[in-house]
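**Student:** Below is the file data.cif, with mmCIF, C-alpha atoms.
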```cif
data_structure
loop_
_atom_site.group_PDB
_atom_site.id
_atom_site.type_symbol
_atom_site.label_atom_id
_atom_site.label_comp_id
_atom_site.auth_asym_id
_atom_site.auth_seq_id
_atom_site.Cartn_x
_atom_site.Cartn_y
_atom_site.Cartn_z
ATOM 1 C CA MET A 13 -6.247 6.220 1.285
ATOM 2 C CA GLU A 14 -7.440 5.611 4.823
ATOM 3 C CA GLU A 15 -5.667 2.274 4.837
ATOM 4 C CA ALA A 16 -2.402 3.886 3.736
ATOM 5 C CA VAL A 17 -2.650 6.477 6.519
ATOM 6 C CA ARG A 18 -3.512 3.787 9.088
ATOM 7 C CA TYR A 19 -0.551 1.539 8.266
ATOM 8 C CA THR A 20 1.835 4.446 7.866
ATOM 9 C CA SER A 21 0.805 5.674 11.326
ATOM 10 C CA LEU A 22 1.319 2.177 12.707
ATOM 11 C CA ALA A 23 4.785 1.940 11.193
ATOM 12 C CA ILE A 24 5.860 5.380 12.421
ATOM 13 C CA ALA A 25 4.505 4.747 15.943
ATOM 14 C CA ALA A 26 6.242 1.358 16.077
ATOM 15 C CA VAL A 27 9.552 2.800 14.932
ATOM 16 C CA LEU A 28 9.404 5.686 17.397
ATOM 17 C CA CYS A 29 8.563 3.332 20.265
ATOM 18 C CA ALA A 30 11.240 0.873 19.149
ATOM 19 C CA VAL A 31 13.872 3.613 19.102
ATOM 20 C CA LEU A 32 13.005 4.509 22.698
ATOM 21 C CA ILE A 33 12.784 0.898 23.868
ATOM 22 C CA LYS A 34 16.043 -0.153 22.169
ATOM 23 C CA LYS A 35 17.993 2.075 24.537
ATOM 24 C CA ALA A 36 16.790 0.080 27.544
ATOM 25 C CA GLU A 37 16.214 -3.369 26.036
ATOM 26 C CA PRO A 38 17.301 -3.927 22.407
ATOM 27 C CA SER A 39 15.466 -7.239 22.022
ATOM 28 C CA TYR A 40 12.094 -5.669 22.909
ATOM 29 C CA GLY A 41 12.661 -2.930 20.366
ATOM 30 C CA PHE A 42 13.420 -5.538 17.738
ATOM 31 C CA MET A 43 10.274 -7.515 18.596
ATOM 32 C CA LEU A 44 8.133 -4.376 18.346
ATOM 33 C CA THR A 45 9.592 -3.586 14.932
ATOM 34 C CA LEU A 46 9.131 -7.183 13.812
ATOM 35 C CA THR A 47 5.486 -7.147 14.908
ATOM 36 C CA ALA A 48 4.818 -3.922 13.007
ATOM 37 C CA SER A 49 6.593 -5.365 9.968
ATOM 38 C CA ILE A 50 4.353 -8.414 10.058
ATOM 39 C CA CYS A 51 1.229 -6.235 10.298
ATOM 40 C CA VAL A 52 2.268 -4.137 7.303
ATOM 41 C CA CYS A 53 3.290 -7.241 5.361
ATOM 42 C CA VAL A 54 -0.100 -8.878 5.991
ATOM 43 C CA ALA A 55 -1.825 -5.718 4.757
ATOM 44 C CA ALA A 56 0.372 -5.712 1.646
ATOM 45 C CA MET A 57 -0.492 -9.348 0.969
ATOM 46 C CA ALA A 58 -4.200 -8.588 1.335
ATOM 47 C CA ALA A 59 -3.831 -5.721 -1.122
ATOM 48 C CA LEU A 60 -1.950 -7.942 -3.560
ATOM 49 C CA SER A 61 -4.652 -10.603 -3.308
ATOM 50 C CA VAL A 62 -7.176 -8.004 -4.466
ATOM 51 C CA LEU A 63 -5.013 -7.479 -7.549
ATOM 52 C CA ALA A 64 -4.904 -11.217 -8.184
ATOM 53 C CA ASP A 65 -8.706 -11.418 -7.905
ATOM 54 C CA TYR A 66 -9.008 -8.529 -10.341
ATOM 55 C CA ALA A 67 -6.829 -10.317 -12.858
ATOM 56 C CA ARG A 68 -9.202 -13.312 -12.698
ATOM 57 C CA GLU A 69 -12.330 -11.218 -13.139
ATOM 58 C CA THR A 70 -11.137 -8.743 -15.763
ATOM 59 C CA GLU A 71 -13.823 -9.631 -18.284
ATOM 60 C CA ASP A 72 -16.580 -8.555 -15.830
ATOM 61 C CA LEU A 73 -15.113 -5.109 -15.207
ATOM 62 C CA PHE A 74 -15.296 -3.371 -18.608
ATOM 63 C CA LYS A 75 -16.737 -0.071 -17.432
ATOM 64 C CA GLY A 76 -15.934 3.506 -18.335
ATOM 65 C CA ALA A 77 -13.366 5.334 -16.258
ATOM 66 C CA GLU A 78 -15.285 8.289 -14.836
ATOM 67 C CA GLY A 79 -13.565 10.446 -12.263
ATOM 68 C CA ALA A 80 -10.031 9.827 -13.530
ATOM 69 C CA VAL A 81 -8.679 12.995 -11.924
ATOM 70 C CA GLU A 82 -10.067 12.002 -8.515
ATOM 71 C CA ILE A 83 -8.478 8.585 -8.844
ATOM 72 C CA LEU A 84 -5.098 10.050 -9.771
ATOM 73 C CA ILE A 85 -5.192 12.471 -6.833
ATOM 74 C CA LYS A 86 -6.070 9.625 -4.458
ATOM 75 C CA ILE A 87 -3.172 7.559 -5.813
ATOM 76 C CA LEU A 88 -0.848 10.516 -5.352
ATOM 77 C CA GLY A 89 -1.990 10.882 -1.738
ATOM 78 C CA ILE A 90 -1.372 7.200 -1.062
ATOM 79 C CA THR A 91 2.065 7.368 -2.658
ATOM 80 C CA LEU A 92 3.135 10.445 -0.747
ATOM 81 C CA THR A 93 1.832 9.119 2.568
ATOM 82 C CA THR A 94 3.552 5.763 2.308
ATOM 83 C CA CYS A 95 6.780 7.248 0.936
ATOM 84 C CA PHE A 96 6.887 9.688 3.852
ATOM 85 C CA GLY A 97 6.298 6.919 6.366
ATOM 86 C CA ALA A 98 8.894 4.701 4.701
ATOM 87 C CA GLN A 99 11.481 7.462 4.815
ATOM 88 C CA VAL A 100 10.838 8.031 8.516
ATOM 89 C CA CYS A 101 11.290 4.301 9.098
ATOM 90 C CA ARG A 102 14.496 4.294 7.043
ATOM 91 C CA ASP A 103 15.847 7.282 8.981
ATOM 92 C CA CYS A 104 15.319 5.318 12.189
ATOM 93 C CA GLY A 105 17.256 2.378 10.783
ATOM 94 C CA GLU A 106 14.237 0.235 9.964
ATOM 95 C CA GLY A 107 14.810 -0.490 6.273
ATOM 96 C CA SER A 108 12.699 -3.658 6.140
ATOM 97 C CA LEU A 109 9.628 -1.904 7.530
ATOM 98 C CA ALA A 110 10.226 0.965 5.099
ATOM 99 C CA PHE A 111 10.320 -1.460 2.160
ATOM 100 C CA GLN A 112 7.112 -3.166 3.255
ATOM 101 C CA LEU A 113 5.376 0.174 3.651
ATOM 102 C CA GLU A 114 6.432 1.142 0.125
ATOM 103 C CA LEU A 115 5.154 -2.214 -1.149
ATOM 104 C CA LEU A 116 1.808 -1.571 0.528
ATOM 105 C CA GLY A 117 1.654 1.920 -0.999
ATOM 106 C CA GLY A 118 2.323 0.537 -4.465
ATOM 107 C CA ALA A 119 -0.334 -2.154 -4.089
ATOM 108 C CA LEU A 120 -2.913 0.344 -2.803
ATOM 109 C CA GLY A 121 -2.053 2.697 -5.673
ATOM 110 C CA LEU A 122 -2.609 -0.080 -8.185
ATOM 111 C CA ILE A 123 -5.907 -1.037 -6.578
ATOM 112 C CA ASN A 124 -7.098 2.553 -6.903
ATOM 113 C CA ALA A 125 -5.978 2.657 -10.555
ATOM 114 C CA LEU A 126 -8.128 -0.351 -11.501
ATOM 115 C CA PRO A 127 -11.079 1.796 -12.708
ATOM 116 C CA LEU A 128 -8.720 3.576 -15.099
ATOM 117 C CA LEU A 129 -7.508 0.253 -16.442
ATOM 118 C CA SER A 130 -11.103 -0.852 -16.888
ATOM 119 C CA GLY A 131 -11.786 2.269 -18.956
ATOM 120 C CA VAL A 132 -8.798 1.631 -21.198
ATOM 121 C CA LEU A 133 -9.862 -1.991 -21.657
ATOM 122 C CA ALA A 134 -13.386 -0.878 -22.569
ATOM 123 C CA ILE A 135 -12.022 1.493 -25.196
ATOM 124 C CA LEU A 136 -9.823 -1.238 -26.641
ATOM 125 C CA ARG A 137 -12.753 -3.631 -26.668
ATOM 126 C CA SER A 138 -14.910 -1.121 -28.556
ATOM 127 C CA PHE A 139 -12.181 -0.757 -31.197
ATOM 128 C CA MET A 140 -11.919 -4.513 -31.603
ATOM 129 C CA GLY A 141 -15.543 -5.324 -31.985
#
```
Spit out the file's structure as structure tokens when you get a sec.

**Tutor:**
Amino acid sequence: MEEAVRYTSLAIAAVLCAVLIKKAEPSYGFMLTLTASICVCVAAMAALSVLADYARETEDLFKGAEGAVEILIKILGITLTTCFGAQVCRDCGEGSLAFQLELLGGALGLINALPLLSGVLAILRSFMG
């Protein structure tokens, strides 16, 4: 969740600064927004790479899913934080940054749901053998 808050704060700060800078020098505002977009996109790619690694190592992660309620609440917090930040970006006319922030939120939500998936897989495995 900390990562979602960090990148949402980055996106909101970049958009607010870009809105102020665009009045004086539009190209600088665009560059600031582009830089923030790249930062969020890199974070989203890192989060997606964790999912790819998980897919490769699924057989090693058959554990029970304790603390399911905590996991769901954490996922909800990530979703709400990134959706809020994305909407602020969209309201300021920064749709691409908003989309990337939503992508990051989805990836972080999936990463946090991995223990639940492991629990389901363990149950299925116990039924099969």

**Student:** Which residue gives the smallest distance to Ala16 in chain A among A:Leu128, A:Leu136, A:Ile90, A:Cys104, with all atoms listed in the file counted?

**Tutor:**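 Residue with the minimum atom-to-atom distance to Ala16 in chain A: A:Ile90.
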
**Student:** Go through A:Cys29, A:Leu129, A:Val54, A:Leu122 and flag the residue nearest Met13 in chain A, using all atoms listed in the file for the distances.

**Tutor:**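 Result for the nearest residue to Met13 in chain A: A:Leu122.
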
**Student:** Here is a test: counting all atoms listed in the file, which residue of A:Leu133, A:Tyr19, A:Asp65, A:Ala30 is nearest to Leu115 in chain A?

**Tutor:**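 Using all atoms listed in the file, Leu115 in chain A sits closest to A:Tyr19.
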
**Student:** Decode the PyMOL selection byres ((chain A and resi 105) around 12) for the given file into explicit residues and return them as an NGL selection string.

**Tutor:** :A and (24 or 27-28 or 30-31 or 34 or 41-42 or 45 or 98-104 or 106-111)

**Student:** I'd like to know which of A:Ala26, A:Ala56, A:Ala36, A:Cys51 is closest to Gly97 in chain A, using all atoms listed in the file.

**Tutor:**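 Among the listed residues, A:Ala26 lies closest to Gly97 in chain A.
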
**Student:** Mind pulling up the distance from CA of Thr91 in chain A to CA of Cys53 in chain A?

**Tutor:**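 Value for the CA of Cys53 in chain A-CA of Thr91 in chain A distance: 16.7 Å.
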
**Student:** Interatomic distance between CA of Met140 in chain A and CA of Pro127 in chain A?

**Tutor:** 19.9 Å

**Student:** As an exercise, work out the distance from CA of Met57 in chain A to CA of Ala119 in chain A in Å and give it to one decimal place.

**Tutor:**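 Taking CA of Met57 in chain A and CA of Ala119 in chain A, their separation equals 8.8 Å.
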
**Student:** Between A:Val52, A:Ile123, A:Ala59, A:Val132, which is the closest to Leu84 in chain A once you count only C-alpha atoms?

**Tutor:** A:Ile123

**Student:** Using all atoms listed in the file, pick whichever of A:Gln112, A:Leu32, A:Ser130, A:Ala125 has the shortest atom-to-atom distance to Glu82 in chain A.

**Tutor:**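 Among A:Gln112, A:Leu32, A:Ser130, A:Ala125, it is A:Ala125 that comes nearest to Glu82 in chain A.
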